[in-house]
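J.: Structure file my_file.cif, mmCIF, C-alpha atoms and all ligand atoms, is pasted below:
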data_coords
loop_
_atom_site.label_atom_id
_atom_site.label_comp_id
_atom_site.auth_asym_id
_atom_site.auth_seq_id
_atom_site.Cartn_x
_atom_site.Cartn_y
_atom_site.Cartn_z
CA MET A 102 0.00 0.00 0.00
CA MET A 103 1.42 3.39 -0.91
CA ALA A 104 -0.85 4.93 1.67
CA ALA A 105 -1.43 8.62 2.12
CA MET A 106 1.70 9.43 3.92
CA PRO A 107 1.55 8.96 7.68
CA SER A 108 4.60 11.04 8.51
CA PRO A 109 5.13 11.68 12.20
CA PRO A 110 2.77 14.37 13.45
CA ASP A 111 4.29 17.80 14.15
CA ASP A 112 4.49 17.23 17.91
CA LEU A 113 6.50 14.01 17.50
CA HIS A 114 8.63 15.56 14.80
CA ASN A 115 9.40 18.58 17.03
CA ALA A 116 10.02 16.41 20.10
CA LEU A 117 12.56 14.34 18.16
CA ASP A 118 14.30 17.49 16.89
CA VAL A 119 14.56 18.98 20.39
CA LEU A 120 15.61 15.85 22.27
CA LEU A 121 18.11 14.64 19.70
CA SER A 122 19.75 18.07 19.24
CA ARG A 123 22.03 17.47 22.23
CA PHE A 124 23.75 14.59 20.41
CA SER A 125 26.29 15.25 17.69
CA THR A 126 25.27 14.21 14.19
CA ALA A 127 28.52 12.28 13.87
CA ASP A 128 27.76 10.19 16.98
CA LEU A 129 24.17 9.59 15.89
CA THR A 130 25.29 8.58 12.40
CA GLN A 131 27.83 6.15 13.79
CA SER A 132 25.20 4.59 16.04
CA VAL A 133 22.74 4.36 13.16
CA ARG A 134 25.34 2.38 11.16
CA HIS A 135 25.91 0.12 14.15
CA LEU A 136 22.15 -0.47 14.61
CA ILE A 137 21.58 -1.12 10.89
CA LYS A 138 24.36 -3.74 11.01
CA GLN A 139 22.85 -5.36 14.10
CA TYR A 140 19.35 -5.45 12.63
CA ARG A 141 20.63 -6.84 9.31
CA GLU A 142 22.73 -9.55 10.87
CA GLY A 143 20.26 -10.32 13.65
CA THR A 144 21.37 -10.31 17.25
CA PRO A 145 21.33 -13.11 19.79
CA PRO A 146 17.98 -12.68 21.50
CA ALA A 147 19.65 -12.33 24.89
CA ASP A 148 21.39 -9.07 23.80
CA VAL A 149 19.63 -5.79 24.45
CA VAL A 150 19.92 -3.90 21.14
CA LEU A 151 18.90 -0.52 22.54
CA GLY A 152 21.32 -0.67 25.44
CA SER A 153 23.00 2.75 25.40
CA GLU A 154 21.67 6.30 25.40
CA ILE A 155 23.23 7.14 22.02
CA ASP A 156 21.87 3.96 20.39
CA VAL A 157 18.39 4.79 21.65
CA ALA A 158 18.69 8.36 20.33
CA ALA A 159 19.88 7.02 16.97
CA TYR A 160 16.95 4.55 16.90
CA ALA A 161 14.51 7.37 17.62
CA GLY A 162 16.03 9.48 14.84
CA TYR A 163 16.19 6.93 12.05
CA ARG A 164 13.73 4.11 12.90
CA MET A 165 10.96 5.59 15.03
CA PRO A 166 9.43 7.66 12.17
CA ALA A 167 9.29 4.50 10.04
CA THR A 168 7.90 2.20 12.73
CA PHE A 169 5.40 4.97 13.59
CA ALA A 170 4.31 5.02 9.92
CA ALA A 171 3.94 1.22 9.74
CA VAL A 172 1.97 1.00 12.99
CA SER A 173 -0.22 3.93 11.88
CA ALA A 174 -1.02 2.24 8.58
CA ALA A 175 -1.90 -1.06 10.30
CA LEU A 176 -4.07 0.65 12.94
CA ARG A 177 -5.86 2.67 10.25
CA HIS A 178 -6.80 -0.58 8.53
CA VAL A 179 -8.15 -1.87 11.85
CA ALA A 180 -10.15 1.33 12.38
CA ALA A 181 -11.58 1.02 8.85
CA VAL A 182 -12.65 -2.61 9.35
CA ALA A 183 -13.92 -2.07 12.92
CA PRO A 184 -15.19 1.52 13.02
CA ASP A 185 -17.03 0.87 16.29
CA PHE A 186 -13.83 -0.18 18.04
CA THR A 187 -13.10 2.75 20.36
CA PRO A 188 -10.28 1.72 22.70
CA ARG A 189 -9.86 3.58 25.99
CA THR A 190 -6.91 1.55 27.26
CA HIS A 191 -3.74 0.60 25.40
CA VAL A 192 -0.76 -1.55 26.36
CA ASP A 193 2.29 -1.42 24.10
CA ILE A 194 4.78 -4.23 24.59
CA GLY A 195 8.46 -3.74 23.80
CA GLY A 196 7.48 -0.13 23.22
CA GLY A 197 11.02 1.18 22.64
CA THR A 198 10.74 4.95 22.32
CA GLY A 199 6.96 4.81 21.94
CA ALA A 200 6.18 4.76 18.20
CA ALA A 201 3.02 2.65 18.65
CA VAL A 202 1.77 4.82 21.49
CA TRP A 203 1.93 7.94 19.33
CA ALA A 204 0.35 6.12 16.39
CA ALA A 205 -2.54 4.68 18.41
CA ALA A 206 -3.35 8.04 20.00
CA GLN A 207 -3.52 9.61 16.56
CA VAL A 208 -5.87 6.92 15.19
CA TRP A 209 -8.00 6.77 18.38
CA PRO A 210 -7.92 10.15 20.18
CA VAL A 211 -10.43 8.62 22.65
CA LEU A 212 -7.60 6.64 24.28
CA GLU A 213 -7.26 7.51 27.95
CA LYS A 214 -4.90 5.14 29.67
CA VAL A 215 -1.66 4.00 28.07
CA THR A 216 0.96 1.61 29.46
CA VAL A 217 4.31 0.84 27.85
CA LEU A 218 6.24 -2.30 28.84
CA GLU A 219 9.89 -2.19 27.80
CA GLN A 220 13.08 -3.91 28.93
CA ALA A 221 15.63 -1.15 28.12
CA GLN A 222 15.82 1.68 30.66
CA SER A 223 17.47 4.04 28.16
CA ALA A 224 14.57 3.53 25.72
CA ILE A 225 12.08 4.20 28.52
CA SER A 226 13.87 7.42 29.50
CA LEU A 227 13.87 8.86 25.99
CA GLY A 228 10.36 7.55 25.26
CA GLU A 229 9.01 9.23 28.37
CA ARG A 230 10.68 12.53 27.56
CA LEU A 231 9.35 12.46 24.00
CA ALA A 232 5.86 11.58 25.26
CA LYS A 233 5.79 14.59 27.58
CA ARG A 234 5.91 16.75 24.44
CA SER A 235 2.89 15.07 22.81
CA GLY A 236 -0.32 16.97 22.05
CA SER A 237 -2.26 13.91 23.26
CA PRO A 238 -3.11 13.86 26.99
CA ALA A 239 -3.07 10.03 26.92
CA VAL A 240 0.47 9.92 25.48
CA ARG A 241 1.68 12.56 27.95
CA ALA A 242 0.26 10.58 30.86
CA ALA A 243 1.48 7.18 29.60
CA ARG A 244 2.94 4.88 32.26
CA TRP A 245 6.32 3.43 31.29
CA THR A 246 7.23 0.22 33.09
CA ARG A 247 10.47 -1.71 32.92
CA SER A 248 9.54 -5.28 32.13
CA VAL A 249 11.05 -8.23 30.29
CA ILE A 250 8.43 -9.95 28.18
CA ARG A 251 8.26 -13.71 28.23
CA ALA A 252 5.54 -16.37 28.25
CA GLY A 253 3.20 -15.87 31.16
CA VAL A 254 4.24 -12.27 31.74
CA GLU A 255 1.71 -10.13 33.58
CA LYS A 256 0.25 -7.12 31.85
CA PRO A 257 -2.77 -4.98 32.56
CA PRO A 258 -5.94 -5.92 30.60
CA ALA A 259 -6.48 -3.47 27.75
CA ASP A 260 -8.82 -2.71 24.87
CA LEU A 261 -5.82 -2.48 22.55
CA VAL A 262 -2.51 -4.36 22.82
CA THR A 263 0.26 -3.67 20.34
CA MET A 264 3.69 -5.21 19.83
CA SER A 265 5.63 -3.66 16.98
CA TYR A 266 9.00 -4.84 15.67
CA VAL A 267 9.62 -6.94 18.79
CA LEU A 268 8.90 -10.61 17.95
CA GLY A 269 12.15 -10.81 15.96
CA GLU A 270 14.13 -9.90 19.08
CA LEU A 271 12.68 -12.74 21.14
CA PRO A 272 14.00 -16.31 21.28
CA THR A 273 12.10 -18.27 18.59
CA ALA A 274 11.07 -20.91 21.12
CA SER A 275 9.27 -18.27 23.21
CA LEU A 276 7.05 -17.00 20.36
CA GLU A 277 4.02 -19.16 21.14
CA GLY A 278 4.01 -18.45 24.87
CA VAL A 279 4.60 -14.73 24.35
CA VAL A 280 1.85 -14.37 21.74
CA ARG A 281 -0.60 -16.22 24.00
CA SER A 282 0.25 -13.98 26.96
CA VAL A 283 0.12 -10.81 24.87
CA ALA A 284 -3.32 -11.69 23.48
CA ALA A 285 -4.83 -12.74 26.82
CA ASP A 286 -7.46 -10.19 27.95
CA ALA A 287 -6.84 -7.97 24.90
CA GLY A 288 -9.84 -6.42 23.17
CA MET A 289 -7.76 -6.16 20.02
CA VAL A 290 -4.20 -7.37 19.54
CA VAL A 291 -2.05 -5.96 16.76
CA LEU A 292 1.37 -7.48 15.97
CA ILE A 293 3.63 -5.74 13.47
CA GLU A 294 6.95 -6.94 12.05
CA PRO A 295 9.29 -5.87 9.25
CA GLY A 296 7.90 -6.71 5.80
CA THR A 297 10.61 -9.29 5.10
CA PRO A 298 10.17 -13.04 4.54
CA ALA A 299 11.35 -13.63 8.13
CA GLY A 300 9.04 -10.93 9.55
CA TYR A 301 6.09 -12.37 7.61
CA ALA A 302 6.94 -15.91 8.83
CA ARG A 303 6.71 -14.69 12.43
CA ILE A 304 3.38 -12.95 11.70
CA VAL A 305 1.91 -16.09 10.09
CA ALA A 306 3.06 -18.20 13.05
CA ALA A 307 1.55 -15.66 15.46
CA ARG A 308 -1.67 -15.53 13.40
CA ASP A 309 -2.05 -19.33 13.70
CA ILE A 310 -1.57 -19.10 17.47
CA LEU A 311 -4.16 -16.31 17.78
CA LEU A 312 -6.67 -18.36 15.74
CA GLU A 313 -6.02 -21.41 17.93
CA GLN A 314 -6.81 -19.21 20.93
CA GLY A 315 -10.25 -18.56 19.42
CA LEU A 316 -9.55 -15.05 18.17
CA SER A 317 -10.69 -13.89 14.74
CA VAL A 318 -8.55 -11.92 12.30
CA VAL A 319 -9.66 -8.30 11.86
CA ALA A 320 -7.00 -7.16 9.40
CA PRO A 321 -5.39 -7.37 6.93
CA CYS A 322 -6.87 -10.77 5.96
CA PRO A 323 -10.50 -11.04 4.82
CA HIS A 324 -10.78 -14.53 6.38
CA ASP A 325 -9.70 -16.78 9.25
CA GLN A 326 -8.44 -19.62 7.06
CA ALA A 327 -4.79 -20.54 6.62
CA CYS A 328 -2.80 -17.89 4.76
CA PRO A 329 -3.08 -18.85 1.06
CA ILE A 330 0.34 -17.42 0.14
CA PRO A 331 2.60 -20.32 -0.87
CA SER A 332 5.11 -20.77 1.91
CA GLY A 333 8.71 -19.98 0.96
CA ARG A 334 7.80 -18.51 -2.43
CA ASP A 335 6.20 -15.22 -1.46
CA TRP A 336 5.26 -13.23 1.60
CA CYS A 337 2.39 -10.93 2.52
CA HIS A 338 3.61 -7.44 3.24
CA LEU A 339 2.51 -3.86 2.78
CA SER A 340 4.35 -0.63 2.30
CA THR A 341 3.87 2.87 3.58
CA ARG A 342 5.69 5.97 2.40
CA LEU A 343 6.98 8.55 4.85
CA ASN A 344 8.74 11.85 4.46
CA ARG A 345 12.23 11.95 5.90
CA SER A 346 12.92 14.93 8.13
CA ALA A 347 16.25 16.78 7.81
CA LEU A 348 17.43 15.00 10.96
CA HIS A 349 16.37 11.64 9.57
CA ARG A 350 18.27 12.31 6.33
CA GLN A 351 21.37 13.39 8.23
CA VAL A 352 21.59 10.42 10.59
CA LYS A 353 20.77 7.92 7.87
CA THR A 354 22.99 9.74 5.39
CA GLY A 355 20.14 9.31 2.91
CA VAL A 356 19.54 11.60 -0.02
CA LEU A 357 15.93 10.84 -0.79
CA SER A 358 13.26 12.96 0.86
CA PHE A 359 11.10 9.90 1.54
CA GLU A 360 11.37 6.22 2.27
CA ASP A 361 9.06 3.24 1.92
CA GLU A 362 8.67 1.18 5.05
CA LYS A 363 7.65 -2.42 4.37
CA PHE A 364 5.78 -4.23 7.10
CA SER A 365 3.71 -7.34 7.81
CA TYR A 366 1.06 -7.41 10.47
CA VAL A 367 -1.95 -9.16 11.94
CA ALA A 368 -4.77 -7.72 14.03
CA ALA A 369 -7.10 -10.10 15.85
CA SER A 370 -9.91 -9.90 18.36
CA ALA A 371 -12.07 -12.18 20.46
CA GLN A 372 -15.01 -10.02 19.40
CA ARG A 373 -16.45 -10.77 15.94
CA TRP A 374 -16.13 -7.72 13.70
CA PRO A 375 -17.46 -7.67 10.12
CA LYS A 376 -14.77 -9.18 7.90
CA ALA A 377 -12.43 -7.00 5.86
CA ALA A 378 -13.12 -6.89 2.14
CA ASN A 379 -10.65 -8.51 -0.26
CA ARG A 380 -7.14 -7.15 0.24
CA VAL A 381 -5.00 -5.80 -2.62
CA LEU A 382 -1.66 -7.63 -2.32
CA ARG A 383 0.50 -5.80 -4.87
CA HIS A 384 0.82 -2.49 -6.64
CA PRO A 385 -2.21 -2.57 -8.98
CA LEU A 386 -1.30 -2.78 -12.64
CA LYS A 387 -2.89 0.27 -14.25
CA ARG A 388 -3.03 0.37 -18.05
CA LYS A 389 -5.11 2.47 -20.37
CA GLY A 390 -8.68 1.31 -19.85
CA LEU A 391 -7.97 -1.42 -17.29
CA VAL A 392 -6.82 -2.04 -13.76
CA SER A 393 -5.56 -5.45 -12.69
CA LEU A 394 -5.68 -6.31 -8.99
CA GLU A 395 -4.05 -9.21 -7.17
CA LEU A 396 -6.32 -10.01 -4.28
CA CYS A 397 -6.49 -12.09 -1.13
CA THR A 398 -10.12 -13.17 -0.90
CA ASP A 399 -12.35 -14.96 1.55
CA GLU A 400 -13.80 -17.57 -0.83
CA ASP A 401 -11.24 -18.04 -3.59
CA GLY A 402 -7.88 -17.57 -1.90
CA LEU A 403 -5.49 -15.60 -4.12
CA THR A 404 -7.16 -14.25 -7.24
CA GLN A 405 -6.67 -11.67 -9.95
CA GLU A 406 -9.47 -9.28 -10.88
CA ILE A 407 -9.44 -7.13 -13.98
CA ILE A 408 -11.64 -4.06 -14.00
CA THR A 409 -12.15 -2.33 -17.33
CA LYS A 410 -13.37 1.08 -18.35
CA ARG A 411 -16.67 -0.46 -19.37
CA GLN A 412 -17.40 -1.02 -15.69
CA GLY A 413 -17.85 2.75 -15.27
CA GLU A 414 -17.99 3.75 -11.60
CA LEU A 415 -16.17 0.60 -10.41
CA TYR A 416 -13.32 1.36 -12.84
CA LYS A 417 -13.07 4.94 -11.51
CA ARG A 418 -12.75 3.55 -8.00
CA ALA A 419 -10.18 0.99 -9.13
CA ARG A 420 -7.98 3.78 -10.58
CA ASP A 421 -7.58 5.15 -7.04
CA ILE A 422 -6.79 1.82 -5.41
CA THR A 423 -3.34 1.24 -3.97
CA TRP A 424 -1.44 -1.73 -2.58
CA GLY A 425 -2.91 -2.79 0.78
CA ASP A 426 -6.36 -1.24 0.22
CA GLU A 427 -9.59 -3.18 0.56
CA TRP A 428 -11.41 -4.08 -2.64
CA PRO A 429 -14.04 -3.03 -3.32
CA PRO A 430 -13.40 0.07 -1.22
CA ARG A 431 -15.85 0.97 1.52
C1 LIG A 501 13.07 -2.78 17.23
S1 LIG A 501 12.63 -2.11 18.77
C2 LIG A 501 10.91 -1.66 18.47
C3 LIG A 501 10.48 -0.55 19.36
C4 LIG A 501 9.07 -0.05 19.11
N1 LIG A 501 8.08 -1.05 19.41
C5 LIG A 501 8.90 0.46 17.70
O1 LIG A 501 8.05 -0.08 16.97
O2 LIG A 501 9.61 1.38 17.31
C6 LIG A 501 12.40 -3.54 19.78
C7 LIG A 501 12.12 -3.18 21.21
O3 LIG A 501 11.70 -4.34 21.91
C8 LIG A 501 12.34 -4.34 23.17
N2 LIG A 501 12.40 -5.73 23.62
C9 LIG A 501 13.02 -6.77 23.01
N3 LIG A 501 12.85 -7.89 23.73
C10 LIG A 501 12.12 -7.55 24.81
C11 LIG A 501 11.62 -8.27 25.92
N4 LIG A 501 11.83 -9.56 26.06
N5 LIG A 501 10.91 -7.60 26.85
C12 LIG A 501 10.68 -6.28 26.73
N6 LIG A 501 11.11 -5.54 25.70
C13 LIG A 501 11.82 -6.17 24.75
C14 LIG A 501 13.70 -3.74 22.89
O4 LIG A 501 14.35 -3.29 24.06
C15 LIG A 501 13.33 -2.63 21.94
O5 LIG A 501 12.99 -1.45 22.60
#
Turn the structure described in the file into structure tokens.

T.:
Amino acid sequence: MMAAMPSPPDDLHNALDVLLSRFSTADLTQSVRHLIKQYREGTPPADVVLGSEIDVAAYAGYRMPATFAAVSAALRHVAAVAPDFTPRTHVDIGGGTGAAVWAAAQVWPVLEKVTVLEQAQSAISLGERLAKRSGSPAVRAARWTRSVIRAGVEKPPADLVTMSYVLGELPTASLEGVVRSVAADAGMVVLIEPGTPAGYARIVAARDILLEQGLSVVAPCPHDQACPIPSGRDWCHLSTRLNRSALHRQVKTGVLSFEDEKFSYVAASAQRWPKAANRVLRHPLKRKGLVSLELCTDEDGLTQEIITKRQGELYKRARDITWGDEWPPR
């Protein structure tokens, strides 16, 4: 999905500028390189990636805008499929510097009580300071708790539970127990991972566990059956475009003014919401007089639908469709 661009809101953007200004660009850039290497190579799950103050600042500068954009896009899908879902309480697990907290408060301004569970004290410290600069009362008042997530971990019950870009940092053997604990007592659970084959594999595994627990998928899938994407040959992921701030460009030494963040996710709930419509799985092919859509559907698995100009209004709507949208649109 090349969604309308969920760049960080002004208050987050300003908070990042102010709080990161006390670090030198050279130090931030060096830490960004170090983090990119660690994330590419994968780290032993026992290591705390965001261990030092400078690494946390670098993460906030170069990754938080992107994880914010991915979480925003996923939560917007959830809000579209379940418009009557109005969460008052939110728990974010492995919250880092708080990307999901900011994203959820933007999608659901009705949120009142927010709790962040995070293992790294330096991430909590920066996350809390950023949050104090938010325009959202719920984000400002968020409770940040130092906690190491594992199977059976205690967390407050909440209408919304998110865990973004965390499953990949946990020991593989703990995935089932963690997902079960995270989903227990959650009104809606949303798990987000990088849009890579490995990230998707974790999301599919988590999705199976959530279904076994009796939850139903809210988004992005239009069904609760096994994922129809052939294992090992392809992976379900979406993409969201975000503007890079000047700071972001400096610390990432990037030249482009935007980047595309690829992500995979699943949202599930014990409550039965109306199912999502078919999901557009690729950039639509748009030629003169026709639009071709690759779809994940409820009844026919993966299908291709071609909409031609002769279909009038439907064709006009298809011209505006992007990767990750529902089809037909609401
Ligand atoms: C890649 S960062 C993602 C941060 C944030 N959720 C985001 O989307 O930007 C992963 C975070 O998970 C935290 N984390 C990893 N394993 C954890 C565990 N077992 N318990 C608590 N936090 C954990 C890390 O300290 C780090 O802050």

J.: Could you check how far CA of Leu382 (chain A) sits from CA of Phe359 (chain A), in Å to one decimal?

T.: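 For CA of Leu382 (chain A) relative to CA of Phe359 (chain A), the distance reads 22.0 Å.
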
J.: Quick one: residues within 8 Å of region 306-317 of chain A, all atoms listed in the file counted, chain neighbours fewer than 2 positions away excluded, as a PyMOL selection string?

T.: chain A and resi 276-277+280-281+284+302-304+319+325+327+367+369-373

J.: Of the residues A:Ile225, A:Val133, A:Leu268, A:Ala200, which is the one nearest to Leu113 (chain A), using all atoms listed in the file?

T.: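 Ranking A:Ile225, A:Val133, A:Leu268, A:Ala200 by distance to Leu113 (chain A), first place goes to A:Ala200.
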
J.: For Glu154 (chain A), which residue out of A:Leu415, A:Val254, A:Leu120, A:Met264 is the nearest one, using all atoms listed in the file?

T.: A:Leu120

J.: If I take CA of Gly197 (chain A) and CA of Ala170 (chain A), how far is one from the other in Å, to one decimal?

T.: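 A separation of 14.9 Å between them.
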
J.: In file coordinates, which residues lie within 8 Å of (-7.0, -7.1, -15.5) using all atoms listed in the file, given as a ChimeraX atom specification?

T.: /A:386,391-394,405-409

J.: Looking at A:Val179, A:Ala243, A:Ile330, A:Ala221, which one is nearest to ligand LIG 501 (chain A), with distances taken over all atoms listed in the file?

T.: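 Closest residue, counting all atoms listed in the file: A:Ala221.
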
J.: Here is a test: counting all atoms listed in the file, which residue of A:Tyr301, A:Trp424, A:Trp374, A:Phe124 is nearest to Ala181 (chain A)?

T.: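 The shortest atom-to-atom distance to Ala181 (chain A) comes from A:Trp374.
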
J.: Could you list, with a cut-off of 9 Å and counting only C-alpha atoms and all ligand atoms, the residues of chain A near ligand LIG 501 (chain A), each shown with its nearest atom pair and the distance in Å rounded to one decimal, rows sorted by chain and ascending number, as JSON lines?

T.:
{"residue": "A:Tyr140", "atom": "CA", "partner": "A:LIG501", "partner_atom": "C1", "distance": 8.2}
{"residue": "A:Pro146", "atom": "CA", "partner": "A:LIG501", "partner_atom": "N3", "distance": 7.4}
{"residue": "A:Ala147", "atom": "CA", "partner": "A:LIG501", "partner_atom": "N3", "distance": 8.2}
{"residue": "A:Asp148", "atom": "CA", "partner": "A:LIG501", "partner_atom": "N3", "distance": 8.6}
{"residue": "A:Val149", "atom": "CA", "partner": "A:LIG501", "partner_atom": "O4", "distance": 5.9}
{"residue": "A:Val150", "atom": "CA", "partner": "A:LIG501", "partner_atom": "O4", "distance": 6.3}
{"residue": "A:Leu151", "atom": "CA", "partner": "A:LIG501", "partner_atom": "O4", "distance": 5.5}
{"residue": "A:Gly152", "atom": "CA", "partner": "A:LIG501", "partner_atom": "O4", "distance": 7.6}
{"residue": "A:Val157", "atom": "CA", "partner": "A:LIG501", "partner_atom": "O5", "distance": 8.3}
{"residue": "A:Tyr160", "atom": "CA", "partner": "A:LIG501", "partner_atom": "O2", "distance": 8.0}
{"residue": "A:Ala161", "atom": "CA", "partner": "A:LIG501", "partner_atom": "O2", "distance": 7.7}
{"residue": "A:Arg164", "atom": "CA", "partner": "A:LIG501", "partner_atom": "O2", "distance": 6.6}
{"residue": "A:Met165", "atom": "CA", "partner": "A:LIG501", "partner_atom": "O2", "distance": 5.0}
{"residue": "A:Pro166", "atom": "CA", "partner": "A:LIG501", "partner_atom": "O2", "distance": 8.1}
{"residue": "A:Ala167", "atom": "CA", "partner": "A:LIG501", "partner_atom": "O2", "distance": 7.9}
{"residue": "A:Thr168", "atom": "CA", "partner": "A:LIG501", "partner_atom": "O1", "distance": 4.8}
{"residue": "A:Phe169", "atom": "CA", "partner": "A:LIG501", "partner_atom": "O1", "distance": 6.6}
{"residue": "A:Ala171", "atom": "CA", "partner": "A:LIG501", "partner_atom": "O1", "distance": 8.4}
{"residue": "A:Val172", "atom": "CA", "partner": "A:LIG501", "partner_atom": "O1", "distance": 7.3}
{"residue": "A:Asp193", "atom": "CA", "partner": "A:LIG501", "partner_atom": "N1", "distance": 7.5}
{"residue": "A:Ile194", "atom": "CA", "partner": "A:LIG501", "partner_atom": "N6", "distance": 6.6}
{"residue": "A:Gly195", "atom": "CA", "partner": "A:LIG501", "partner_atom": "N6", "distance": 3.7}
{"residue": "A:Gly196", "atom": "CA", "partner": "A:LIG501", "partner_atom": "N1", "distance": 4.0}
{"residue": "A:Gly197", "atom": "CA", "partner": "A:LIG501", "partner_atom": "O5", "distance": 3.3}
{"residue": "A:Thr198", "atom": "CA", "partner": "A:LIG501", "partner_atom": "C4", "distance": 6.2}
{"residue": "A:Gly199", "atom": "CA", "partner": "A:LIG501", "partner_atom": "C4", "distance": 6.0}
{"residue": "A:Ala200", "atom": "CA", "partner": "A:LIG501", "partner_atom": "O2", "distance": 4.9}
{"residue": "A:Ala201", "atom": "CA", "partner": "A:LIG501", "partner_atom": "O1", "distance": 6.0}
{"residue": "A:Val202", "atom": "CA", "partner": "A:LIG501", "partner_atom": "N1", "distance": 8.9}
{"residue": "A:Leu218", "atom": "CA", "partner": "A:LIG501", "partner_atom": "C12", "distance": 6.3}
{"residue": "A:Glu219", "atom": "CA", "partner": "A:LIG501", "partner_atom": "N6", "distance": 4.1}
{"residue": "A:Gln220", "atom": "CA", "partner": "A:LIG501", "partner_atom": "C12", "distance": 4.0}
{"residue": "A:Ala221", "atom": "CA", "partner": "A:LIG501", "partner_atom": "O4", "distance": 4.8}
{"residue": "A:Gln222", "atom": "CA", "partner": "A:LIG501", "partner_atom": "O4", "distance": 8.4}
{"residue": "A:Ser223", "atom": "CA", "partner": "A:LIG501", "partner_atom": "O4", "distance": 9.0}
{"residue": "A:Ala224", "atom": "CA", "partner": "A:LIG501", "partner_atom": "O5", "distance": 6.1}
{"residue": "A:Ile225", "atom": "CA", "partner": "A:LIG501", "partner_atom": "O5", "distance": 8.2}
{"residue": "A:Arg247", "atom": "CA", "partner": "A:LIG501", "partner_atom": "C12", "distance": 7.7}
{"residue": "A:Ser248", "atom": "CA", "partner": "A:LIG501", "partner_atom": "C12", "distance": 5.6}
{"residue": "A:Val249", "atom": "CA", "partner": "A:LIG501", "partner_atom": "N5", "distance": 3.5}
{"residue": "A:Ile250", "atom": "CA", "partner": "A:LIG501", "partner_atom": "N5", "distance": 3.7}
{"residue": "A:Arg251", "atom": "CA", "partner": "A:LIG501", "partner_atom": "N4", "distance": 5.9}
{"residue": "A:Thr263", "atom": "CA", "partner": "A:LIG501", "partner_atom": "N1", "distance": 8.3}
{"residue": "A:Met264", "atom": "CA", "partner": "A:LIG501", "partner_atom": "N1", "distance": 6.1}
{"residue": "A:Ser265", "atom": "CA", "partner": "A:LIG501", "partner_atom": "O1", "distance": 4.3}
{"residue": "A:Tyr266", "atom": "CA", "partner": "A:LIG501", "partner_atom": "C2", "distance": 4.6}
{"residue": "A:Val267", "atom": "CA", "partner": "A:LIG501", "partner_atom": "C6", "distance": 4.5}
{"residue": "A:Leu268", "atom": "CA", "partner": "A:LIG501", "partner_atom": "N3", "distance": 7.5}
{"residue": "A:Gly269", "atom": "CA", "partner": "A:LIG501", "partner_atom": "C9", "distance": 8.2}
{"residue": "A:Glu270", "atom": "CA", "partner": "A:LIG501", "partner_atom": "C9", "distance": 5.1}
{"residue": "A:Leu271", "atom": "CA", "partner": "A:LIG501", "partner_atom": "N3", "distance": 5.5}
{"residue": "A:Pro272", "atom": "CA", "partner": "A:LIG501", "partner_atom": "N4", "distance": 8.6}
{"residue": "A:Ile293", "atom": "CA", "partner": "A:LIG501", "partner_atom": "O1", "distance": 8.0}
{"residue": "A:Glu294", "atom": "CA", "partner": "A:LIG501", "partner_atom": "O1", "distance": 8.5}

J.: Which distance in Å separates CA of Ser125 (chain A) and CA of Lys138 (chain A), to one decimal?

T.: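 Taking CA of Ser125 (chain A) as the start and CA of Lys138 (chain A) as the end point, the length is 20.2 Å.
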
J.: Find the residue from A:Ser235, A:Thr404, A:Thr354, A:Asn344 that sits nearest to Ala116 (chain A); use all atoms listed in the file when measuring.

T.: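 Closest candidate: A:Ser235.
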
J.: For a quick check of understanding, using all atoms listed in the file, which of A:Gly413, A:Gly288, A:Gly162, A:Pro385 has the smallest distance to Pro257 (chain A)?

T.: A:Gly288

J.: Could you tell me, as number ranges by chain, which residues have any atom at most 10 Å from (4.6, -12.7, -6.8), counting all atoms listed in the file?

T.: A: 330-331, 334-337, 382-383, 395
